[in-house]
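Chemist: This is the structure I want to talk about, given as structure tokens.
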Amino acid sequence: MKKFACLLVLLSLLTACAAQEQEPALEPEPEPKPPAGEWKLLDENYMPVYEDPCETIEFPDYDGMSREDFEAKALEQGYNSDIGPFATWAASGKYSPSGRYLAYHSNKDCLDASSKDGFSVFLFDPETGEDRVLLSGRDGSYYVIYGWLDNEAILCQEVSGEGTYVVCGVDGSVSKLDGISDIFCQEGRYFVTDQNQTLQLCHIEMDGSITEILQTQLDGDRIMYCAISSDGKFVCYIEQSDIGLEEPQYERNVVLWDIDHETKQTFTPPAMTQGKDAAAISVQWRDNGFAIDFNIADAPDENGHNELWHYQNSMF
């Protein structure tokens with residue numbers, strides 16, 4: 001009986017082991033997919049128009065020189081409004097987020113310089129009427145405004161030389177961003193750059209240093225346009241892939257880069273109201289999503305046709 005009992009115990013153990021071996025392995029749970037959104041047509045005949053605030057502002061005299069004096073002196077020195085070099089009193093203005101300051105381009109401080117290539121960045125305070133130079137192009141440097149970082153600092157670039165990016169404070173401070181090239185988009189202190197097919201989302205700190213937040217590999221051949229959400233949690237960009245060598249055709253994909261979850265999602269473009277050959281040519285961040293400007297090459301409009309579509313999603 002003892003031998004029979006032992007055999008029963010052994011048999012039950014073997015049966016239990018076999019049952020365990022036959023149990024299928026648990027599959028990992030799939031990663032949660034972002035909630036589906038939808039495309040909404042914002043403008044069937046989209047024509048982006050930039051209204052320069054400098055056109056509506058009467059700036060004070062600069063160094064005792066009125067606008068009329070400036071234009072007359074520039075004409076005497078060989079500036080030409082048709083073929084260049086161009087004399088610019090005030091243009092391409094950008095207000096600070098609070099609306100307190102207006103940064104703009106001008107070369108009214110460069111007329112007496114040895115080079116006519118210089119272009120400066122000015123800062124105008126509408127409250128006090130103060131108008132002053134932040135970055136002077138009197139040495140021949142050509143500076144442009146990239147965008148405001150916050151209410152106290154501006155991202156600028158010197159485009160006539162090595163393309164150096166600089167941060168200008170409204171207090172007159174200037175600091176270079178070392179090692180940064182090809183900034184594709186900027187929102188506040190966030191910016192995206194491309195380093196050898198690797199996209200990097202970075203943050204400009206208050207002391208002027210750069211912090212890399214995340215990077216990802218570009219799947220296409222190059223990035224065309226991008227936009228960053230105000231909180232830095234999403235980057236929407238357009239990447240282009242060249243297909244064919246003799247007669248290149250271009251495929252442009254709209255990609256959403258989710259920074260918190262380190263994922264990317266490629267979107268199927270909406271159906272255009274006319275034509276089929278549509279290429280995404282710009283992106284802008286809006287409430288609850290992003291808007292894409294599609295240029296339609298095969299539309300019957302001889303002057304070209306653009307449509308603006310908004311992708312809305314609850315996760316934004």
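Each chain in the structure tokens gets a letter, A, B and so on, in the order shown; residues start at 1 in every chain, and ligands are counted from 1 in the order they appear.
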Sorted by chain and rising residue number, list the residues of segment 66-87 of chain A at most 12 Å from segment 91-110 of chain A (counting only C-alpha atoms), each with its closest atom pair and distance in Å to one decimal, as a Markdown table.

Modeler:
| residue | atom | partner | partner_atom | distance |
| --- | --- | --- | --- | --- |
| A:Ser66 | CA | A:Lys108 | CA | 10.0 |
| A:Arg67 | CA | A:Lys108 | CA | 8.9 |
| A:Glu68 | CA | A:Lys108 | CA | 11.4 |
| A:Asp69 | CA | A:Lys108 | CA | 10.3 |
| A:Phe70 | CA | A:Lys108 | CA | 6.8 |
| A:Glu71 | CA | A:Lys108 | CA | 9.0 |
| A:Ala72 | CA | A:Lys108 | CA | 11.7 |
| A:Lys73 | CA | A:Lys108 | CA | 10.0 |
| A:Ala74 | CA | A:Lys108 | CA | 8.8 |
| A:Gln77 | CA | A:Cys110 | CA | 11.3 |
| A:Tyr79 | CA | A:Asn107 | CA | 11.2 |
| A:Pro85 | CA | A:Asn107 | CA | 10.7 |
| A:Phe86 | CA | A:Asn107 | CA | 8.8 |
| A:Ala87 | CA | A:Asn107 | CA | 6.5 |

Chemist: Can you write out the residues you just picked, keeping C-alpha atoms, as a compact mmCIF listing (two decimals), in the first residue's frame?

Modeler:
# COMPACT_ATOMS: atom_id res chain seq x y z
CA SER A 66 13.72 111.19 -39.14
CA ARG A 67 12.48 108.50 -41.50
CA GLU A 68 12.47 111.00 -44.37
CA ASP A 69 16.05 112.02 -43.55
CA PHE A 70 17.07 108.36 -43.43
CA GLU A 71 15.54 107.54 -46.81
CA ALA A 72 17.08 110.63 -48.45
CA LYS A 73 20.53 109.86 -47.02
CA ALA A 74 20.27 106.21 -48.07
CA GLN A 77 24.68 106.64 -50.60
CA TYR A 79 20.80 102.30 -51.65
CA PRO A 85 21.09 97.29 -51.37
CA PHE A 86 17.88 98.06 -49.49
CA ALA A 87 17.39 100.74 -46.87

Chemist: When DSSP works through the backbone of this structure, what residues of segment 104-311 of chain A end up as strand (DSSP E or B), shown as a VMD selection string?

Modeler: chain A and resid 104 to 106 119 to 125 130 to 135 142 to 148 153 to 158 164 to 169 174 to 176 183 to 187 190 to 195 198 to 204 210 to 217 222 to 228 234 to 243 249 to 258 263 to 267 278 to 286 289 to 296 305 to 311

Chemist: Grab the residues selected above and save them as a CSV table (one decimal), in the first residue's frame with C-alpha atoms.

Modeler:
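And here's result18.csv as it stands now:
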chain,number,residue,atom,x,y,z
A,104,TYR,CA,12.2,94.5,-35.5
A,105,HIS,CA,14.8,94.7,-38.3
A,106,SER,CA,16.4,97.8,-39.6
A,119,PHE,CA,21.3,94.6,-40.8
A,120,SER,CA,20.4,95.2,-37.2
A,121,VAL,CA,17.9,94.1,-34.6
A,122,PHE,CA,16.1,97.0,-32.8
A,123,LEU,CA,13.8,96.9,-29.7
A,124,PHE,CA,10.9,99.4,-29.4
A,125,ASP,CA,8.9,100.0,-26.2
A,130,GLU,CA,12.2,104.1,-26.3
A,131,ASP,CA,13.8,102.7,-29.5
A,132,ARG,CA,17.3,101.2,-29.3
A,133,VAL,CA,19.7,98.8,-31.0
A,134,LEU,CA,20.0,95.2,-29.6
A,135,LEU,CA,22.3,93.8,-32.3
A,142,TYR,CA,23.2,90.5,-41.1
A,143,TYR,CA,21.0,89.7,-38.1
A,144,VAL,CA,17.5,88.3,-38.2
A,145,ILE,CA,14.9,87.6,-35.5
A,146,TYR,CA,14.0,84.0,-35.0
A,147,GLY,CA,11.5,84.4,-32.2
A,148,TRP,CA,10.9,85.4,-28.6
A,153,ALA,CA,14.8,87.4,-24.4
A,154,ILE,CA,14.9,87.0,-28.2
A,155,LEU,CA,16.5,84.3,-30.3
A,156,CYS,CA,18.3,85.8,-33.2
A,157,GLN,CA,20.7,84.6,-36.0
A,158,GLU,CA,23.6,86.1,-37.8
A,164,THR,CA,25.5,81.7,-35.4
A,165,TYR,CA,22.5,81.8,-33.1
A,166,VAL,CA,22.4,84.4,-30.3
A,167,VAL,CA,20.1,85.2,-27.4
A,168,CYS,CA,19.5,88.9,-26.9
A,169,GLY,CA,18.0,90.1,-23.6
A,174,VAL,CA,24.0,89.0,-25.7
A,175,SER,CA,25.1,85.3,-25.6
A,176,LYS,CA,25.9,82.8,-28.3
A,183,ILE,CA,17.2,75.2,-36.0
A,184,PHE,CA,14.0,74.1,-37.8
A,185,CYS,CA,11.4,75.4,-35.4
A,186,GLN,CA,11.2,77.2,-32.1
A,187,GLU,CA,8.5,77.7,-29.5
A,190,TYR,CA,12.1,74.9,-27.0
A,191,PHE,CA,13.6,74.3,-30.3
A,192,VAL,CA,14.2,71.4,-32.8
A,193,THR,CA,17.4,70.8,-34.7
A,194,ASP,CA,18.7,68.1,-37.0
A,195,GLN,CA,22.1,66.5,-36.5
A,198,THR,CA,18.8,62.8,-35.8
A,199,LEU,CA,16.1,65.2,-34.6
A,200,GLN,CA,16.8,66.7,-31.2
A,201,LEU,CA,14.3,68.6,-29.0
A,202,CYS,CA,16.3,71.0,-26.8
A,203,HIS,CA,15.6,73.7,-24.2
A,204,ILE,CA,17.4,77.0,-23.8
A,210,ILE,CA,21.3,74.1,-23.8
A,211,THR,CA,19.6,71.0,-22.4
A,212,GLU,CA,18.7,68.1,-24.8
A,213,ILE,CA,15.3,66.7,-23.9
A,214,LEU,CA,14.9,63.9,-26.4
A,215,GLN,CA,16.1,62.7,-29.8
A,216,THR,CA,14.8,60.5,-32.5
A,217,GLN,CA,15.9,59.2,-35.9
A,222,ARG,CA,15.0,65.3,-44.5
A,223,ILE,CA,12.8,67.4,-42.3
A,224,MET,CA,10.9,70.2,-44.1
A,225,TYR,CA,8.8,72.0,-41.5
A,226,CYS,CA,7.9,71.5,-37.8
A,227,ALA,CA,6.1,73.1,-34.9
A,228,ILE,CA,6.3,72.5,-31.1
A,234,PHE,CA,4.6,67.3,-28.8
A,235,VAL,CA,6.4,68.1,-32.0
A,236,CYS,CA,4.6,67.8,-35.3
A,237,TYR,CA,6.9,67.8,-38.4
A,238,ILE,CA,6.8,67.1,-42.1
A,239,GLU,CA,9.5,64.7,-43.4
A,240,GLN,CA,10.3,64.2,-47.1
A,241,SER,CA,11.5,61.1,-48.8
A,242,ASP,CA,12.8,61.2,-52.4
A,243,ILE,CA,11.6,58.3,-54.5
A,249,GLN,CA,9.0,62.2,-56.8
A,250,TYR,CA,8.5,63.5,-53.3
A,251,GLU,CA,6.6,61.9,-50.5
A,252,ARG,CA,5.9,64.1,-47.5
A,253,ASN,CA,4.6,62.5,-44.3
A,254,VAL,CA,3.0,64.3,-41.4
A,255,VAL,CA,4.6,62.9,-38.2
A,256,LEU,CA,3.6,63.5,-34.6
A,257,TRP,CA,6.4,63.0,-32.0
A,258,ASP,CA,5.1,62.4,-28.5
A,263,THR,CA,6.6,57.5,-29.7
A,264,LYS,CA,5.9,58.7,-33.2
A,265,GLN,CA,2.7,58.5,-35.2
A,266,THR,CA,2.5,59.1,-39.0
A,267,PHE,CA,-0.8,60.5,-40.2
A,278,ALA,CA,-1.2,67.5,-52.4
A,279,ALA,CA,2.0,68.2,-50.5
A,280,ALA,CA,2.2,69.4,-46.9
A,281,ILE,CA,4.2,72.6,-46.9
A,282,SER,CA,3.9,74.0,-43.4
A,283,VAL,CA,2.7,73.2,-40.0
A,284,GLN,CA,1.5,75.3,-37.1
A,285,TRP,CA,0.4,74.4,-33.6
A,286,ARG,CA,-3.2,75.4,-32.6
A,289,GLY,CA,-4.0,70.0,-32.3
A,290,PHE,CA,-2.0,71.2,-35.3
A,291,ALA,CA,-2.8,72.7,-38.6
A,292,ILE,CA,-1.3,71.7,-41.9
A,293,ASP,CA,-1.0,73.8,-45.1
A,294,PHE,CA,-1.4,71.6,-48.1
A,295,ASN,CA,-0.4,72.8,-51.5
A,296,ILE,CA,-2.4,71.1,-54.3
A,305,HIS,CA,-4.3,76.2,-54.5
A,306,ASN,CA,-3.8,75.7,-50.8
A,307,GLU,CA,-6.0,74.3,-48.1
A,308,LEU,CA,-5.5,74.5,-44.4
A,309,TRP,CA,-6.6,71.5,-42.3
A,310,HIS,CA,-6.6,71.1,-38.6
A,311,TYR,CA,-6.0,67.8,-36.8

Chemist: Have a look at A:Met272, A:Leu75, A:Met315, A:Ala113 and name the one nearest to Ala299 of chain A; count only C-alpha atoms.

Modeler: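 Of A:Met272, A:Leu75, A:Met315, A:Ala113, the one nearest Ala299 of chain A, counting only C-alpha atoms, is A:Met272.
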
Chemist: I'd like to know which of A:Ser160, A:Lys116, A:Gly129, A:Leu42 is closest to Glu58 of chain A, using only C-alpha atoms.

Modeler: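 Closest residue, counting only C-alpha atoms: A:Gly129.
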